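Asker: Below you'll find my_file.pdb; it's PDB, C-alpha atoms.
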ATOM      1  CA  MET A   1      32.636 -15.809 -68.989
ATOM      2  CA  ILE A   2      36.253 -14.857 -69.421
ATOM      3  CA  VAL A   3      38.060 -17.245 -71.811
ATOM      4  CA  HIS A   4      41.805 -16.870 -72.233
ATOM      5  CA  GLN A   5      43.842 -19.314 -74.339
ATOM      6  CA  LEU A   6      47.554 -19.981 -73.766
ATOM      7  CA  ILE A   7      49.880 -22.314 -75.665
ATOM      8  CA  VAL A   8      52.090 -24.052 -73.104
ATOM      9  CA  GLY A   9      54.724 -26.761 -72.778
ATOM     10  CA  GLY A  10      56.945 -28.516 -75.254
ATOM     11  CA  MET A  11      53.991 -30.279 -76.882
ATOM     12  CA  GLY A  12      52.006 -27.139 -77.627
ATOM     13  CA  VAL A  13      49.029 -27.745 -75.368
ATOM     14  CA  CYS A  14      46.151 -25.283 -75.547
ATOM     15  CA  CYS A  15      45.600 -24.308 -71.930
ATOM     16  CA  TYR A  16      42.587 -22.226 -70.949
ATOM     17  CA  ILE A  17      41.995 -19.788 -68.130
ATOM     18  CA  LEU A  18      38.284 -19.416 -67.458
ATOM     19  CA  GLY A  19      36.886 -16.801 -65.130
ATOM     20  CA  CYS A  20      33.601 -15.553 -63.768
ATOM     21  CA  GLU A  21      33.415 -11.849 -64.515
ATOM     22  CA  GLU A  22      31.359 -11.146 -61.386
ATOM     23  CA  THR A  23      33.074 -13.225 -58.694
ATOM     24  CA  LYS A  24      36.558 -13.483 -60.281
ATOM     25  CA  GLU A  25      36.710 -17.212 -59.516
ATOM     26  CA  ALA A  26      38.857 -18.990 -62.079
ATOM     27  CA  ALA A  27      39.683 -22.410 -63.445
ATOM     28  CA  VAL A  28      42.622 -23.543 -65.517
ATOM     29  CA  ILE A  29      41.985 -26.285 -68.057
ATOM     30  CA  ASP A  30      44.926 -28.523 -69.036
ATOM     31  CA  PRO A  31      48.009 -26.783 -67.592
ATOM     32  CA  GLY A  32      50.582 -28.601 -69.683
ATOM     33  CA  GLY A  33      53.659 -26.529 -68.848
ATOM     34  CA  ASN A  34      54.883 -22.982 -68.193
ATOM     35  CA  GLU A  35      53.248 -22.730 -64.783
ATOM     36  CA  GLU A  36      54.767 -19.294 -64.129
ATOM     37  CA  LYS A  37      53.196 -17.992 -67.348
ATOM     38  CA  ILE A  38      49.827 -19.450 -66.375
ATOM     39  CA  LEU A  39      49.923 -17.968 -62.871
ATOM     40  CA  ALA A  40      51.000 -14.583 -64.234
ATOM     41  CA  GLU A  41      48.042 -14.556 -66.630
ATOM     42  CA  VAL A  42      45.623 -15.490 -63.850
ATOM     43  CA  LYS A  43      46.964 -12.560 -61.833
ATOM     44  CA  ASN A  44      46.891 -10.178 -64.803
ATOM     45  CA  LEU A  45      43.247 -11.036 -65.381
ATOM     46  CA  GLY A  46      42.468 -10.246 -61.751
ATOM     47  CA  LEU A  47      41.277 -13.769 -61.040
ATOM     48  CA  GLU A  48      41.645 -16.240 -58.155
ATOM     49  CA  LEU A  49      42.304 -19.844 -59.113
ATOM     50  CA  LYS A  50      39.759 -22.275 -57.664
ATOM     51  CA  TYR A  51      39.999 -25.330 -59.934
ATOM     52  CA  ILE A  52      42.525 -27.146 -62.099
ATOM     53  CA  ILE A  53      40.535 -29.157 -64.621
ATOM     54  CA  ALA A  54      41.935 -31.996 -66.734
ATOM     55  CA  THR A  55      40.078 -32.831 -69.939
ATOM     56  CA  HIS A  56      42.031 -36.113 -69.739
ATOM     57  CA  GLY A  57      44.955 -37.621 -67.879
ATOM     58  CA  HIS A  58      47.784 -37.577 -70.437
ATOM     59  CA  ALA A  59      50.918 -36.086 -68.934
ATOM     60  CA  ASP A  60      51.275 -33.310 -71.524
ATOM     61  CA  HIS A  61      47.964 -31.893 -70.255
ATOM     62  CA  VAL A  62      48.412 -32.377 -66.500
ATOM     63  CA  CYS A  63      52.127 -31.983 -65.795
ATOM     64  CA  CYS A  64      51.602 -28.700 -63.922
ATOM     65  CA  ASN A  65      48.683 -29.906 -61.819
ATOM     66  CA  ARG A  66      50.774 -30.584 -58.737
ATOM     67  CA  ILE A  67      52.685 -27.319 -58.697
ATOM     68  CA  LEU A  68      49.611 -25.194 -59.404
ATOM     69  CA  LYS A  69      47.770 -26.945 -56.601
ATOM     70  CA  GLU A  70      50.671 -26.394 -54.208
ATOM     71  CA  GLN A  71      51.054 -22.730 -55.101
ATOM     72  CA  THR A  72      47.376 -21.757 -55.132
ATOM     73  CA  GLY A  73      45.426 -24.340 -53.147
ATOM     74  CA  ALA A  74      43.177 -24.939 -56.159
ATOM     75  CA  GLN A  75      41.446 -28.308 -56.393
ATOM     76  CA  ILE A  76      42.124 -30.787 -59.197
ATOM     77  CA  ILE A  77      39.091 -32.019 -61.137
ATOM     78  CA  MET A  78      39.173 -35.059 -63.423
ATOM     79  CA  HIS A  79      36.656 -37.533 -64.785
ATOM     80  CA  GLU A  80      36.397 -40.497 -62.438
ATOM     81  CA  ASP A  81      37.478 -42.993 -65.133
ATOM     82  CA  ASP A  82      40.719 -41.160 -65.938
ATOM     83  CA  ASP A  83      41.460 -40.535 -62.274
ATOM     84  CA  GLN A  84      41.415 -44.309 -61.789
ATOM     85  CA  PHE A  85      43.118 -45.257 -65.072
ATOM     86  CA  PHE A  86      46.033 -42.849 -64.745
ATOM     87  CA  SER A  87      46.671 -43.922 -61.150
ATOM     88  CA  LYS A  88      47.648 -47.435 -62.255
ATOM     89  CA  ASP A  89      51.352 -48.224 -61.937
ATOM     90  CA  ALA A  90      51.544 -49.751 -65.421
ATOM     91  CA  VAL A  91      49.936 -46.702 -67.003
ATOM     92  CA  ILE A  92      52.189 -44.296 -65.105
ATOM     93  CA  LYS A  93      55.210 -46.305 -66.246
ATOM     94  CA  PHE A  94      54.096 -46.324 -69.896
ATOM     95  CA  PHE A  95      53.609 -42.550 -70.080
ATOM     96  CA  SER A  96      56.767 -41.802 -68.088
ATOM     97  CA  VAL A  97      58.663 -41.986 -71.393
ATOM     98  CA  LEU A  98      57.321 -38.499 -72.097
ATOM     99  CA  GLY A  99      59.478 -37.208 -69.251
ATOM    100  CA  LEU A 100      56.539 -35.283 -67.801
ATOM    101  CA  GLU A 101      55.014 -35.453 -64.349
ATOM    102  CA  HIS A 102      51.698 -37.250 -63.964
ATOM    103  CA  SER A 103      48.862 -35.650 -62.046
ATOM    104  CA  PRO A 104      48.214 -36.242 -58.364
ATOM    105  CA  LYS A 105      44.918 -37.929 -57.574
ATOM    106  CA  ALA A 106      41.956 -35.663 -58.211
ATOM    107  CA  ASP A 107      40.384 -33.777 -55.333
ATOM    108  CA  ILE A 108      37.057 -33.907 -57.150
ATOM    109  CA  THR A 109      35.969 -36.539 -59.661
ATOM    110  CA  VAL A 110      33.111 -35.966 -62.081
ATOM    111  CA  LYS A 111      31.004 -37.983 -64.496
ATOM    112  CA  ASP A 112      28.825 -37.331 -67.518
ATOM    113  CA  GLY A 113      26.091 -34.836 -66.776
ATOM    114  CA  ASP A 114      27.770 -33.251 -63.776
ATOM    115  CA  THR A 115      28.130 -29.493 -63.472
ATOM    116  CA  ILE A 116      31.200 -27.581 -62.322
ATOM    117  CA  ILE A 117      30.225 -24.290 -60.684
ATOM    118  CA  LEU A 118      32.627 -21.407 -61.253
ATOM    119  CA  GLY A 119      31.249 -18.336 -59.555
ATOM    120  CA  ASN A 120      28.095 -17.505 -61.486
ATOM    121  CA  GLU A 121      29.126 -19.661 -64.438
ATOM    122  CA  LYS A 122      28.476 -23.350 -65.026
ATOM    123  CA  LEU A 123      30.525 -25.908 -66.968
ATOM    124  CA  ALA A 124      28.601 -28.970 -68.099
ATOM    125  CA  VAL A 125      30.664 -32.172 -68.096
ATOM    126  CA  ILE A 126      30.329 -34.231 -71.290
ATOM    127  CA  HIS A 127      32.046 -37.615 -71.058
ATOM    128  CA  THR A 128      33.717 -38.291 -74.421
ATOM    129  CA  PRO A 129      35.776 -41.486 -74.106
ATOM    130  CA  GLY A 130      37.968 -42.661 -76.958
ATOM    131  CA  HIS A 131      41.199 -40.714 -76.631
ATOM    132  CA  THR A 132      41.273 -41.884 -73.019
ATOM    133  CA  PRO A 133      38.684 -43.782 -70.934
ATOM    134  CA  GLY A 134      37.709 -40.670 -68.996
ATOM    135  CA  GLY A 135      38.190 -38.000 -71.609
ATOM    136  CA  MET A 136      35.689 -35.204 -71.197
ATOM    137  CA  CYS A 137      34.607 -31.941 -72.757
ATOM    138  CA  LEU A 138      33.329 -28.896 -70.893
ATOM    139  CA  TYR A 139      30.412 -26.845 -72.190
ATOM    140  CA  ASN A 140      29.418 -23.305 -71.331
ATOM    141  CA  ALA A 141      27.409 -22.089 -74.304
ATOM    142  CA  PRO A 142      28.652 -21.092 -76.784
ATOM    143  CA  ASN A 143      32.054 -22.370 -75.622
ATOM    144  CA  LEU A 144      33.096 -26.034 -75.782
ATOM    145  CA  PHE A 145      36.490 -27.098 -74.454
ATOM    146  CA  THR A 146      37.256 -30.362 -76.225
ATOM    147  CA  GLY A 147      40.715 -31.410 -75.014
ATOM    148  CA  ASP A 148      42.094 -34.068 -77.366
ATOM    149  CA  THR A 149      38.673 -35.387 -78.365
ATOM    150  CA  LEU A 150      38.147 -32.935 -81.237
ATOM    151  CA  PHE A 151      40.584 -30.532 -82.878
ATOM    152  CA  ALA A 152      40.091 -27.915 -85.567
ATOM    153  CA  GLY A 153      40.171 -30.240 -88.569
ATOM    154  CA  GLY A 154      41.255 -33.302 -86.614
ATOM    155  CA  ILE A 155      40.533 -35.769 -83.837
ATOM    156  CA  GLY A 156      42.535 -37.270 -81.002
ATOM    157  CA  ARG A 157      44.797 -40.266 -81.485
ATOM    158  CA  THR A 158      43.606 -43.595 -80.146
ATOM    159  CA  ASP A 159      46.713 -45.796 -80.259
ATOM    160  CA  PHE A 160      47.770 -45.201 -76.649
ATOM    161  CA  PRO A 161      46.609 -47.466 -73.805
ATOM    162  CA  GLY A 162      42.968 -46.815 -73.039
ATOM    163  CA  GLY A 163      42.206 -45.480 -76.505
ATOM    164  CA  SER A 164      39.416 -46.616 -78.824
ATOM    165  CA  HIS A 165      38.852 -45.190 -82.310
ATOM    166  CA  ASN A 166      35.264 -46.412 -82.541
ATOM    167  CA  GLN A 167      34.458 -45.008 -79.129
ATOM    168  CA  LEU A 168      35.995 -41.646 -80.044
ATOM    169  CA  LEU A 169      33.912 -41.355 -83.204
ATOM    170  CA  GLU A 170      30.801 -42.284 -81.244
ATOM    171  CA  SER A 171      31.572 -39.641 -78.627
ATOM    172  CA  ILE A 172      32.019 -36.925 -81.241
ATOM    173  CA  ASN A 173      28.990 -37.816 -83.333
ATOM    174  CA  GLU A 174      26.548 -38.531 -80.524
ATOM    175  CA  LYS A 175      27.631 -36.021 -77.874
ATOM    176  CA  LEU A 176      29.354 -33.093 -79.608
ATOM    177  CA  PHE A 177      27.747 -32.894 -83.030
ATOM    178  CA  VAL A 178      24.309 -32.576 -81.408
ATOM    179  CA  LEU A 179      25.328 -29.155 -80.055
ATOM    180  CA  PRO A 180      24.433 -25.974 -81.992
ATOM    181  CA  ASN A 181      26.501 -25.326 -85.119
ATOM    182  CA  ASN A 182      27.734 -21.991 -83.742
ATOM    183  CA  THR A 183      29.292 -23.706 -80.701
ATOM    184  CA  ILE A 184      32.931 -22.597 -80.447
ATOM    185  CA  VAL A 185      35.370 -25.506 -80.347
ATOM    186  CA  TRP A 186      38.390 -24.754 -78.164
ATOM    187  CA  PRO A 187      40.774 -27.702 -78.769
ATOM    188  CA  GLY A 188      43.536 -29.223 -76.674
ATOM    189  CA  HIS A 189      46.132 -28.587 -79.403
ATOM    190  CA  GLY A 190      46.111 -26.074 -82.227
ATOM    191  CA  TYR A 191      47.142 -28.513 -84.939
ATOM    192  CA  GLY A 192      44.568 -27.192 -87.414
ATOM    193  CA  GLY A 193      43.889 -23.857 -85.790
ATOM    194  CA  SER A 194      43.360 -22.344 -82.368
ATOM    195  CA  SER A 195      39.568 -22.644 -82.540
ATOM    196  CA  SER A 196      36.717 -23.784 -84.752
ATOM    197  CA  THR A 197      32.965 -24.365 -84.568
ATOM    198  CA  ILE A 198      30.828 -27.472 -84.447
ATOM    199  CA  GLY A 199      29.329 -26.470 -87.802
ATOM    200  CA  GLU A 200      32.755 -26.190 -89.417
ATOM    201  CA  GLU A 201      33.813 -29.578 -88.064
ATOM    202  CA  LYS A 202      30.643 -31.251 -89.296
ATOM    203  CA  GLN A 203      31.270 -29.933 -92.789
ATOM    204  CA  GLY A 204      35.024 -30.042 -93.157
ATOM    205  CA  ASN A 205      36.743 -32.371 -90.687
ATOM    206  CA  PRO A 206      38.418 -34.994 -92.914
ATOM    207  CA  TYR A 207      38.445 -37.604 -90.125
ATOM    208  CA  LEU A 208      34.687 -37.477 -89.671
TER     209      LEU A 208
END
Give the structure from the file, written as structure tokens.
Answerer:
Amino acid sequence: MIVHQLIVGGMGVCCYILGCEETKEAAVIDPGGNEEKILAEVKNLGLELKYIIATHGHADHVCCNRILKEQTGAQIIMHEDDDQFFSKDAVIKFFSVLGLEHSPKADITVKDGDTIILGNEKLAVIHTPGHTPGGMCLYNAPNLFTGDTLFAGGIGRTDFPGGSHNQLLESINEKLFVLPNNTIVWPGHGYGGSSSTIGEEKQGNPYL
């Protein structure tokens, strides 16, 4: 699988372009800004965008969902819990202080255990609530796209509406740390580095 990392937007979101080498179908994970840069990279890689996937619904990760959908026809995928939570008027109002556009409703909602098919590749959906109710990670061995659940040397904040510190720790320990130690962690922000491994996070993450 093609994995291409871009740092986008004013909040330094790690956006990922994933592609099937055989069919050239592509997905973008967390397009948090710089849509022209993202589209140019998709084109440069010779890919055709099929999906826009949100690891969670925070505006810094989804603010380009609408424009990418309009320009490419790609479908938006989000966990069903975040699709509902981030459609609430009170939640939209709270996060509007960021000055970023919220995502349109998802075209496709997923839940824990679902599989997203991308050409000849498969992304396993792992529901990891805590940062948000419908936060999720995407697994295509050895690659794990963790959004704001797990960073290199850090974890996601839980003080926003819908967050739960205990739930986040449970998600990491019970759903991510059971994966092989050589699993590559591709985080939603590069606060402690642009990538890591599950083994490194087990041994050295000070929050865990």
Asker: Run the PyMOL selection byres ((chain A and resi 56) around 10) against the file shown and list the residues it catches, as a count of residues only.
Answerer: 32
Asker: Excluding Lys37 in chain A and its own-chain neighbours fewer than 5 positions away, which residues fall within 10 Å of it when counting all atoms listed in the file? Please give them as a compact mmCIF listing (two decimals) with C-alpha atoms, keeping the file's coordinate frame.
Answerer:
# COMPACT_ATOMS: atom_id res chain seq x y z
CA LEU A 6 47.55 -19.98 -73.77
CA ILE A 7 49.88 -22.31 -75.67
CA VAL A 8 52.09 -24.05 -73.10
CA VAL A 42 45.62 -15.49 -63.85
CA LYS A 43 46.96 -12.56 -61.83
Asker: Selected by the PyMOL selection byres ((chain A and resi 205) around 9) in the shown coordinates: which residues, as a PyMOL selection string?
Answerer: chain A and resi 151-155+200-204+206-208
Asker: Please dump the current selection as an mmCIF file, in the frame of the given file; keep C-alpha atoms.
Answerer:
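The result, stored in result.cif:
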data_model
loop_
_atom_site.group_PDB
_atom_site.id
_atom_site.type_symbol
_atom_site.label_atom_id
_atom_site.label_comp_id
_atom_site.auth_asym_id
_atom_site.auth_seq_id
_atom_site.Cartn_x
_atom_site.Cartn_y
_atom_site.Cartn_z
ATOM 1 C CA PHE A 151 40.584 -30.532 -82.878
ATOM 2 C CA ALA A 152 40.091 -27.915 -85.567
ATOM 3 C CA GLY A 153 40.171 -30.240 -88.569
ATOM 4 C CA GLY A 154 41.255 -33.302 -86.614
ATOM 5 C CA ILE A 155 40.533 -35.769 -83.837
ATOM 6 C CA GLU A 200 32.755 -26.190 -89.417
ATOM 7 C CA GLU A 201 33.813 -29.578 -88.064
ATOM 8 C CA LYS A 202 30.643 -31.251 -89.296
ATOM 9 C CA GLN A 203 31.270 -29.933 -92.789
ATOM 10 C CA GLY A 204 35.024 -30.042 -93.157
ATOM 11 C CA PRO A 206 38.418 -34.994 -92.914
ATOM 12 C CA TYR A 207 38.445 -37.604 -90.125
ATOM 13 C CA LEU A 208 34.687 -37.477 -89.671
#
Asker: Could you state the separation of CA of Gly46 in chain A and CA of Ala27 in chain A in Å, given to one decimal place?
Answerer: 12.6 Å
Asker: From the list A:Phe145, A:Glu70, A:Val178, A:Glu22, which residue is nearest His4 in chain A when using only C-alpha atoms?
Answerer: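 When distances to His4 in chain A are compared using only C-alpha atoms, the smallest one comes from A:Phe145.
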Asker: Convert the output of the PyMOL selection byres ((chain A and resi 104) around 8) on the shown file into explicit residues, formatted as a compact mmCIF listing (two decimals) with C-alpha atoms, in the frame of the given file.
Answerer:
# COMPACT_ATOMS: atom_id res chain seq x y z
CA ASN A 65 48.68 -29.91 -61.82
CA ARG A 66 50.77 -30.58 -58.74
CA HIS A 102 51.70 -37.25 -63.96
CA SER A 103 48.86 -35.65 -62.05
CA LYS A 105 44.92 -37.93 -57.57
CA ALA A 106 41.96 -35.66 -58.21
Asker: Fewer than 4 positions away in the same chain doesn't count, so skip those; otherwise give me all residues within 10 Å of Leu47 in chain A, counting all atoms listed in the file, as a list in words.
Answerer: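 What passes the distance filter is Ile2, Ile17, Leu18, Gly19, Cys20, Glu21, Thr23, Lys24, Glu25, Ala26, Ala27, Leu39, Glu41, Val42 and Lys43 of chain A.
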Asker: So which one's closest to Gly73 in chain A, A:Phe95, A:Glu48, A:Leu150, A:Ala90? Using all atoms listed in the file, please.
Answerer: A:Glu48
Asker: Give me, please, the distance in Å between CA of Gly99 in chain A and CA of Leu138 in chain A, quoted to one decimal.
Answerer: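 Atom-to-atom, CA of Gly99 in chain A and CA of Leu138 in chain A are spaced 27.5 Å apart.
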Asker: So, counting all atoms listed in the file, which residue among A:Val110, A:Ile117, A:Ile126, A:Ile172 is closest to Gln84 in chain A?
Answerer: A:Val110
Asker: So, counting only C-alpha atoms, which residue among A:Gly199, A:Met1, A:Gly9, A:Pro187 is closest to Glu121 in chain A?
Answerer: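 Of A:Gly199, A:Met1, A:Gly9, A:Pro187, the one nearest Glu121 in chain A, counting only C-alpha atoms, is A:Met1.
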Asker: Please list as a short mmCIF file (atom, residue, chain, number, x, y, z; two decimals) with C-alpha atoms, in the frame of the given file every residue within 7 Å of Ser196 in chain A, counting all atoms listed in the file and excluding residues in the same chain fewer than 6 positions away.
Answerer:
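The file below, out_24.cif, is the result:
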data_model
loop_
_atom_site.label_atom_id
_atom_site.label_comp_id
_atom_site.auth_asym_id
_atom_site.auth_seq_id
_atom_site.Cartn_x
_atom_site.Cartn_y
_atom_site.Cartn_z
CA ALA A 152 40.09 -27.92 -85.57
CA ILE A 184 32.93 -22.60 -80.45
CA VAL A 185 35.37 -25.51 -80.35
CA TRP A 186 38.39 -24.75 -78.16
#
